[in-house]
$ cat model.tsv   # TSV, C-alpha atoms
chain	number	residue	atom	x	y	z
A	1	MET	CA	-3.31	10.79	6.92
A	2	ASP	CA	-5.86	11.35	4.12
A	3	ARG	CA	-8.60	11.82	6.71
A	4	LEU	CA	-6.80	14.76	8.32
A	5	THR	CA	-7.76	18.28	7.32
A	6	THR	CA	-5.23	20.71	5.91
A	7	ASN	CA	-4.98	22.53	9.24
A	8	GLN	CA	-4.45	19.28	11.13
A	9	ARG	CA	-1.72	18.17	8.75
A	10	ALA	CA	-0.04	21.57	8.99
A	11	LEU	CA	-0.18	21.41	12.80
A	12	LEU	CA	1.27	17.90	12.81
A	13	LEU	CA	4.08	18.93	10.47
A	14	SER	CA	4.87	21.98	12.64
A	15	PHE	CA	5.02	19.76	15.72
A	16	ILE	CA	7.38	17.31	14.00
A	17	ILE	CA	9.67	20.16	12.86
A	18	LEU	CA	9.69	21.60	16.39
A	19	ILE	CA	10.60	18.28	18.03
A	20	ALA	CA	13.28	17.55	15.41
A	21	GLY	CA	14.78	21.03	15.85
A	22	LEU	CA	14.87	20.73	19.64
A	23	LEU	CA	16.49	17.30	19.47
A	24	LEU	CA	19.15	18.53	17.04
A	25	TRP	CA	19.79	21.57	19.23
A	26	GLU	CA	20.09	19.40	22.36
A	27	ALA	CA	22.46	16.98	20.61
A	28	ALA	CA	24.63	19.79	19.25
A	29	ILE	CA	25.48	21.17	22.71
A	30	PRO	CA	28.43	19.30	24.30
A	31	ALA	CA	27.76	18.06	27.82
A	32	GLN	CA	29.85	19.39	30.70
A	33	LYS	CA	31.99	16.90	32.55
A	34	ALA	CA	30.97	16.11	36.11
A	35	ALA	CA	33.52	16.89	38.84
A	36	SER	CA	33.97	13.17	39.58
A	37	GLU	CA	35.02	12.58	35.96
A	38	LEU	CA	37.79	15.19	35.97
A	39	THR	CA	41.44	14.37	36.43
A	40	GLU	CA	43.37	15.97	39.30
A	41	TYR	CA	45.18	18.20	36.82
A	42	GLU	CA	41.86	19.41	35.31
A	43	ARG	CA	40.49	20.22	38.73
A	44	LEU	CA	43.63	22.16	39.68
A	45	THR	CA	43.64	24.15	36.43
A	46	GLY	CA	39.91	24.86	36.48
A	47	GLY	CA	39.12	22.59	33.59
A	48	GLY	CA	35.79	21.70	35.13
A	49	ALA	CA	34.57	25.28	35.36
A	50	PRO	CA	31.51	25.85	33.17
A	51	LYS	CA	32.26	27.77	30.00
A	52	ALA	CA	29.98	30.35	28.43
A	53	GLY	CA	28.12	28.89	25.50
A	54	VAL	CA	24.73	28.37	23.94
A	55	PRO	CA	22.58	26.45	26.44
A	56	PRO	CA	20.61	23.36	25.38
A	57	PRO	CA	16.81	23.60	25.10
A	58	SER	CA	16.39	21.62	28.31
A	59	GLN	CA	17.98	24.51	30.25
A	60	VAL	CA	15.86	27.05	28.38
A	61	LEU	CA	12.70	25.10	29.26
A	62	GLN	CA	13.80	24.98	32.89
A	63	LYS	CA	14.34	28.75	32.85
A	64	ALA	CA	10.92	29.23	31.23
A	65	TRP	CA	9.29	27.20	33.98
A	66	GLU	CA	11.05	29.25	36.67
A	67	GLN	CA	10.07	32.57	35.10
A	68	LEU	CA	6.51	31.69	34.11
A	69	SER	CA	5.68	30.12	37.47
A	70	ASN	CA	6.07	33.57	39.08
A	71	PRO	CA	6.05	36.14	36.26
A	72	PHE	CA	5.17	39.23	38.32
A	73	TYR	CA	7.71	39.15	41.14
A	74	ASP	CA	9.56	42.38	41.93
A	75	ALA	CA	12.87	42.05	43.78
A	76	GLY	CA	14.35	45.44	42.91
A	77	PRO	CA	15.23	47.62	39.91
A	78	ASN	CA	17.23	44.95	38.07
A	79	ASP	CA	15.28	41.88	39.15
A	80	LYS	CA	11.69	41.84	37.95
A	81	GLY	CA	9.56	39.02	36.57
A	82	ILE	CA	9.07	38.51	32.86
A	83	GLY	CA	5.40	39.44	33.20
A	84	ILE	CA	6.29	42.91	34.51
A	85	GLN	CA	8.86	43.39	31.73
A	86	VAL	CA	6.40	42.43	28.99
A	87	ALA	CA	3.65	44.56	30.55
A	88	TRP	CA	5.88	47.66	30.46
A	89	SER	CA	6.81	46.99	26.84
A	90	LEU	CA	3.18	46.53	25.84
A	91	TYR	CA	2.23	49.72	27.67
A	92	ARG	CA	4.81	51.71	25.70
A	93	VAL	CA	3.93	50.05	22.41
A	94	LEU	CA	0.18	50.52	22.74
A	95	SER	CA	0.52	54.11	23.99
A	96	GLY	CA	2.61	55.19	21.01
A	97	TYR	CA	0.60	53.04	18.63
A	98	PHE	CA	-2.82	54.47	19.48
A	99	LEU	CA	-1.46	58.02	19.48
A	100	ALA	CA	-0.20	57.33	15.96
A	101	ALA	CA	-3.59	55.92	14.93
A	102	LEU	CA	-5.36	59.08	16.15
A	103	ILE	CA	-3.30	61.10	13.67
A	104	ALA	CA	-2.56	58.64	10.85
A	105	ILE	CA	-6.13	57.52	10.08
A	106	PRO	CA	-7.75	61.01	9.82
A	107	VAL	CA	-4.79	62.38	7.84
A	108	GLY	CA	-4.86	59.29	5.64
A	109	PHE	CA	-8.54	59.94	4.91
A	110	LEU	CA	-7.72	63.54	4.01
A	111	ILE	CA	-4.94	62.50	1.66
A	112	GLY	CA	-7.04	59.78	0.06
A	113	MET	CA	-10.05	62.02	-0.52
A	114	SER	CA	-8.22	65.19	-1.57
A	115	PRO	CA	-5.69	65.23	-4.46
A	116	VAL	CA	-4.51	68.66	-3.30
A	117	ALA	CA	-3.75	67.36	0.22
A	118	HIS	CA	-1.96	64.34	-1.29
A	119	LYS	CA	0.34	66.50	-3.42
A	120	ALA	CA	0.98	68.91	-0.55
A	121	LEU	CA	1.75	66.32	2.15
A	122	ASN	CA	3.40	63.58	0.10
A	123	PRO	CA	6.88	65.23	0.01
A	124	PHE	CA	6.96	65.45	3.81
A	125	ILE	CA	5.86	61.82	4.14
A	126	GLN	CA	8.51	60.59	1.71
A	127	VAL	CA	11.28	62.50	3.55
A	128	LEU	CA	10.29	61.43	7.08
A	129	ARG	CA	9.19	57.83	6.38
A	130	PRO	CA	12.65	56.33	5.60
A	131	ILE	CA	14.27	57.72	8.76
A	132	SER	CA	15.08	54.97	11.24
A	133	PRO	CA	12.90	55.32	14.36
A	134	LEU	CA	15.94	54.93	16.61
A	135	ALA	CA	17.54	57.96	14.93
A	136	TRP	CA	14.87	60.03	16.69
A	137	MET	CA	15.82	58.70	20.13
A	138	PRO	CA	18.68	61.15	20.95
A	139	LEU	CA	16.53	64.10	19.92
A	140	ALA	CA	13.57	62.80	21.89
A	141	LEU	CA	15.69	62.27	25.01
A	142	PHE	CA	17.06	65.81	24.73
A	143	ILE	CA	13.69	67.51	24.18
A	144	ILE	CA	11.39	65.34	26.32
A	145	GLN	CA	14.02	64.52	28.98
A	146	ASP	CA	12.14	61.39	30.01
A	147	SER	CA	13.23	57.94	28.88
A	148	ASN	CA	9.77	56.37	29.09
A	149	ALA	CA	8.07	59.16	27.11
A	150	SER	CA	10.93	59.09	24.59
A	151	ALA	CA	10.36	55.38	23.99
A	152	VAL	CA	6.64	56.06	23.45
A	153	PHE	CA	7.54	58.80	20.96
A	154	VAL	CA	9.77	56.42	19.01
A	155	ILE	CA	6.90	53.93	18.81
A	156	PHE	CA	4.62	56.74	17.67
A	157	ILE	CA	6.96	57.81	14.88
A	158	CYS	CA	7.51	54.26	13.58
A	159	SER	CA	3.81	53.32	13.73
A	160	ILE	CA	2.36	56.31	11.94
A	161	TRP	CA	3.63	55.74	8.40
A	162	PRO	CA	2.21	52.29	7.49
A	163	MET	CA	-1.19	53.28	8.90
A	164	LEU	CA	-1.20	56.64	7.12
A	165	ILE	CA	-0.11	55.27	3.74
A	166	ASN	CA	-2.44	52.27	3.81
A	167	THR	CA	-5.37	54.44	4.90
A	168	ALA	CA	-4.74	56.90	2.07
A	169	PHE	CA	-4.39	54.03	-0.42
A	170	GLY	CA	-7.57	52.32	0.78
A	171	VAL	CA	-9.61	55.52	0.73
A	172	ALA	CA	-8.37	56.51	-2.73
A	173	GLY	CA	-9.19	53.01	-4.03
A	174	VAL	CA	-12.88	53.08	-3.07
A	175	ARG	CA	-15.05	52.70	-6.15
A	176	GLN	CA	-16.11	56.07	-7.47
A	177	ASP	CA	-19.66	54.96	-8.27
A	178	TRP	CA	-20.23	54.27	-4.56
A	179	VAL	CA	-19.16	57.83	-3.77
A	180	ASN	CA	-21.37	59.14	-6.56
A	181	VAL	CA	-24.37	57.33	-5.10
A	182	ALA	CA	-23.68	59.01	-1.76
A	183	ARG	CA	-23.59	62.38	-3.51
A	184	THR	CA	-26.90	61.74	-5.22
A	185	HIS	CA	-28.36	61.16	-1.77
A	186	GLU	CA	-26.87	64.53	-0.75
A	187	LEU	CA	-24.66	63.07	1.95
A	188	GLY	CA	-22.03	65.41	3.34
A	189	SER	CA	-18.31	64.67	3.14
A	190	PHE	CA	-18.11	63.52	6.76
A	191	ARG	CA	-21.12	61.20	6.48
A	192	THR	CA	-19.87	59.83	3.15
A	193	ALA	CA	-16.49	59.08	4.71
A	194	LEU	CA	-18.09	57.40	7.71
A	195	THR	CA	-20.84	55.34	6.04
A	196	VAL	CA	-19.43	54.62	2.56
A	197	ILE	CA	-15.66	55.02	2.41
A	198	LEU	CA	-14.72	53.67	5.86
A	199	PRO	CA	-16.42	50.25	5.46
A	200	ALA	CA	-14.94	49.85	1.96
A	201	ALA	CA	-11.43	50.88	2.99
A	202	ALA	CA	-11.45	49.09	6.37
A	203	PRO	CA	-9.56	45.94	5.20
A	204	THR	CA	-6.72	48.07	3.81
A	205	ILE	CA	-6.66	50.27	6.91
A	206	ILE	CA	-6.45	47.24	9.22
A	207	THR	CA	-3.62	45.86	7.06
A	208	GLY	CA	-1.67	49.07	7.71
A	209	MET	CA	-2.43	48.83	11.42
A	210	ARG	CA	-1.27	45.21	11.42
A	211	ILE	CA	2.02	46.17	9.78
A	212	SER	CA	2.47	49.03	12.24
A	213	ILE	CA	2.00	46.89	15.36
A	214	GLY	CA	4.65	44.47	14.09
A	215	ILE	CA	7.12	47.28	13.46
A	216	ALA	CA	6.33	48.83	16.85
A	217	TRP	CA	7.05	45.56	18.67
A	218	LEU	CA	10.35	45.24	16.80
A	219	VAL	CA	11.41	48.79	17.63
A	220	ILE	CA	10.49	48.74	21.33
A	221	VAL	CA	13.06	46.03	22.03
A	222	ALA	CA	15.87	48.14	20.59
A	223	ALA	CA	14.55	51.32	22.22
A	224	GLU	CA	14.45	49.73	25.67
A	225	MET	CA	18.02	48.51	25.25
A	226	LEU	CA	19.00	52.17	24.85
A	227	VAL	CA	16.86	53.78	27.57
A	228	GLY	CA	17.06	50.95	30.16
A	229	GLY	CA	14.88	50.72	33.24
A	230	THR	CA	12.19	48.15	32.51
A	231	GLY	CA	10.81	46.29	29.52
A	232	ILE	CA	11.61	43.15	27.59
A	233	GLY	CA	14.37	44.90	25.62
A	234	TYR	CA	16.10	45.98	28.83
A	235	TYR	CA	15.63	42.46	30.19
A	236	VAL	CA	17.50	41.01	27.20
A	237	TRP	CA	20.33	43.51	27.55
A	238	ASN	CA	20.60	43.08	31.33
A	239	GLU	CA	20.77	39.29	31.07
A	240	TRP	CA	23.42	39.59	28.35
A	241	ASN	CA	25.48	41.78	30.68
A	242	ASN	CA	25.10	39.02	33.29
A	243	LEU	CA	26.26	36.47	30.66
A	244	ASP	CA	23.05	34.51	31.26
A	245	LEU	CA	22.45	33.20	27.76
A	246	THR	CA	19.67	30.92	28.97
A	247	SER	CA	17.62	33.95	30.02
A	248	VAL	CA	18.54	35.74	26.79
A	249	ILE	CA	17.20	32.88	24.66
A	250	PHE	CA	14.09	32.60	26.84
A	251	SER	CA	13.39	36.32	26.46
A	252	ILE	CA	13.89	36.10	22.68
A	253	LEU	CA	11.24	33.35	22.58
A	254	VAL	CA	8.91	35.50	24.69
A	255	ILE	CA	9.35	38.40	22.25
A	256	GLY	CA	8.43	36.10	19.38
A	257	VAL	CA	5.36	34.67	21.11
A	258	VAL	CA	4.02	38.10	22.10
A	259	GLY	CA	4.64	39.40	18.59
A	260	MET	CA	2.78	36.42	17.14
A	261	ALA	CA	-0.15	37.06	19.51
A	262	LEU	CA	-0.36	40.73	18.48
A	263	ASP	CA	-0.29	39.80	14.80
A	264	ALA	CA	-2.93	37.11	15.32
A	265	ALA	CA	-5.23	39.62	17.06
A	266	PHE	CA	-5.03	42.00	14.11
A	267	GLY	CA	-5.45	39.08	11.72
A	268	MET	CA	-8.75	38.25	13.41
A	269	LEU	CA	-9.79	41.92	13.18
A	270	GLN	CA	-8.82	41.95	9.51
A	271	ARG	CA	-11.03	38.94	8.79
A	272	ALA	CA	-13.88	40.52	10.77
A	273	VAL	CA	-13.98	43.67	8.62
A	274	ALA	CA	-13.62	41.82	5.31
A	275	TYR	CA	-16.75	41.78	3.20
A	276	ALA	CA	-17.98	40.45	-0.14
A	277	GLU	CA	-19.24	42.93	-2.70
$ encode --input "model.tsv" --output "structure tokens"
Amino acid sequence: MDRLTTNQRALLLSFIILIAGLLLWEAAIPAQKAASELTEYERLTGGGAPKAGVPPPSQVLQKAWEQLSNPFYDAGPNDKGIGIQVAWSLYRVLSGYFLAALIAIPVGFLIGMSPVAHKALNPFIQVLRPISPLAWMPLALFIIQDSNASAVFVIFICSIWPMLINTAFGVAGVRQDWVNVARTHELGSFRTALTVILPAAAPTIITGMRISIGIAWLVIVAAEMLVGGTGIGYYVWNEWNNLDLTSVIFSILVIGVVGMALDAAFGMLQRAVAYAE
């Protein structure tokens, strides 16, 4: 054990916890009686009928194999593969997310570089930021009159604030002597922002983007439950209506794995832009 690195020991411990959790989960689910084991009275009264309950992990793994072996099948409006559902959710998330980035990062630079802009815009930010993204959904549906575009708008409105605030904080925190050096070289405001402030503030900006993508992935599930159609959120709700808890648990795990992958991607980007002074 002493020869293992910290990462190897952490991986081994995670694997042990996973196996122990799955075994406890499997053992906690009572097994259904087979028809041959039922008494005549139980068969007549329907005692052998399967009851709704939390499925064991063995059934969830079987469902995962069925879904992942053909993730892009399309058998109608309410029967699409998990790959199609996740693809639609990612499309909505990334559309709203990048629209938010196009506005949040430039405005964040303006707020961070200009005290006047900060004082003028901060009241609006503080009023709009605490509003739940889903509270905008009825208004978006009424004005836009398109469920898909409304979901994108909700992602936009929930993604913009962490990026904007972190960008403004990172820009305002850049060392003043670096900015002064740029001024002595007679660099304009735009060139100073691009060549001096952006590299210095990049780690903080990426942190805001990383927070935003996590919030966006959380919100899209709830938004798709409301608007329906396609997406991983609609998939969860549709399977719940079908009382298929195995598919519900499988989809919850898919949501977690995709969210972890998105966070890991931004974590790699965050490490790439980090620098030593």
$ residues_near_point --input "model.tsv" --point "(-14.8, 52.5, -3.2)" --cutoff "10 Å" --atoms "all atoms listed in the file" --output "ChimeraX atom specification"
/A:170-180,196-201
$ atom_distance --input "model.tsv" --atom1 "atom CA of Thr204 of chain A" --atom2 "atom CA of Gln270 of chain A"
8.6 Å
$ residues_around --input "model.tsv" --residues "Tyr91 of chain A" --least-positions-apart "2" --cutoff "12 Å" --atoms "all atoms listed in the file" --output "list in words"
Ile84, Gln85, Val86, Ala87, Trp88, Ser89, Val93, Leu94, Ser95, Gly96, Tyr97, Phe98, Asn148, Ala149, Ala151, Val152, Ile155, Ala216, Trp217, Ile220, Thr230, Gly231 and Ile232 of chain A
$ atom_distance --input "model.tsv" --atom1 "atom CA of Phe250 of chain A" --atom2 "atom CA of Ile19 of chain A"
17.2 Å
$ atom_distance --input "model.tsv" --atom1 "atom CA of Ile82 of chain A" --atom2 "atom CA of Val221 of chain A"
13.8 Å
$ closest_residue --input "model.tsv" --among "A:Ser147, A:Thr6, A:Thr207, A:Asn78" --to "Ala223 of chain A" --atoms "all atoms listed in the file"
A:Ser147
$ closest_residue --input "model.tsv" --among "A:Lys63, A:Phe142, A:Arg271, A:Leu99" --to "Ile249 of chain A" --atoms "only C-alpha atoms"
A:Lys63
$ residues_around --input "model.tsv" --residues "Gly214 of chain A" --least-positions-apart "6" --cutoff "9 Å" --atoms "all atoms listed in the file" --output "ChimeraX atom specification"
/A:159,259-260,262-263
$ closest_residue --input "model.tsv" --among "A:Thr167, A:Val254, A:Met137, A:Pro56" --to "Met225 of chain A" --atoms "only C-alpha atoms"
A:Met137
$ residues_around --input "model.tsv" --residues "Ser132 of chain A" --least-positions-apart "5" --cutoff "10 Å" --atoms "all atoms listed in the file" --output "list in words"
Met137, Val154, Ile157, Cys158 and Val219 of chain A
$ closest_residue --input "model.tsv" --among "A:Val127, A:Leu110, A:Ile255, A:Met163" --to "Ile211 of chain A" --atoms "all atoms listed in the file"
A:Met163
$ decode --input "model.tsv" --residues "segment 208-221 of chain A" --atoms "N, CA, C and O atoms" --output "CSV table (one decimal), in the first residue's frame"
chain,number,residue,atom,x,y,z
A,208,GLY,N,-15.7,31.2,-13.1
A,208,GLY,CA,-17.1,31.6,-13.3
A,208,GLY,C,-17.8,30.8,-14.4
A,208,GLY,O,-19.0,30.4,-14.2
A,209,MET,N,-17.1,30.5,-15.5
A,209,MET,CA,-17.7,29.7,-16.5
A,209,MET,C,-17.9,28.3,-16.1
A,209,MET,O,-18.9,27.6,-16.4
A,210,ARG,N,-17.0,27.8,-15.2
A,210,ARG,CA,-17.2,26.4,-14.7
A,210,ARG,C,-18.4,26.3,-13.8
A,210,ARG,O,-19.2,25.4,-13.8
A,211,ILE,N,-18.6,27.4,-13.0
A,211,ILE,CA,-19.8,27.4,-12.1
A,211,ILE,C,-21.0,27.5,-12.9
A,211,ILE,O,-22.0,26.8,-12.7
A,212,SER,N,-21.0,28.3,-14.0
A,212,SER,CA,-22.2,28.5,-14.8
A,212,SER,C,-22.6,27.2,-15.5
A,212,SER,O,-23.8,26.9,-15.6
A,213,ILE,N,-21.6,26.4,-16.0
A,213,ILE,CA,-22.0,25.2,-16.8
A,213,ILE,C,-22.7,24.2,-15.8
A,213,ILE,O,-23.6,23.5,-16.2
A,214,GLY,N,-22.2,24.2,-14.6
A,214,GLY,CA,-22.8,23.3,-13.6
A,214,GLY,C,-24.3,23.7,-13.3
A,214,GLY,O,-25.2,22.9,-13.2
A,215,ILE,N,-24.5,25.0,-13.1
A,215,ILE,CA,-25.8,25.5,-12.9
A,215,ILE,C,-26.7,25.3,-14.1
A,215,ILE,O,-27.9,24.8,-13.9
A,216,ALA,N,-26.2,25.5,-15.3
A,216,ALA,CA,-27.0,25.3,-16.5
A,216,ALA,C,-27.4,23.8,-16.6
A,216,ALA,O,-28.6,23.6,-17.0
A,217,TRP,N,-26.5,22.9,-16.3
A,217,TRP,CA,-26.9,21.5,-16.4
A,217,TRP,C,-27.9,21.1,-15.4
A,217,TRP,O,-28.8,20.2,-15.6
A,218,LEU,N,-27.9,21.7,-14.2
A,218,LEU,CA,-28.9,21.5,-13.2
A,218,LEU,C,-30.3,22.0,-13.7
A,218,LEU,O,-31.3,21.3,-13.5
A,219,VAL,N,-30.3,23.2,-14.2
A,219,VAL,CA,-31.5,23.9,-14.6
A,219,VAL,C,-32.2,23.2,-15.8
A,219,VAL,O,-33.4,23.1,-15.8
A,220,ILE,N,-31.4,22.7,-16.7
A,220,ILE,CA,-32.0,22.2,-17.9
A,220,ILE,C,-32.9,21.0,-17.6
A,220,ILE,O,-33.9,20.7,-18.3
A,221,VAL,N,-32.5,20.2,-16.6
A,221,VAL,CA,-33.4,19.0,-16.3
A,221,VAL,C,-34.7,19.5,-15.8
A,221,VAL,O,-35.8,18.9,-16.3
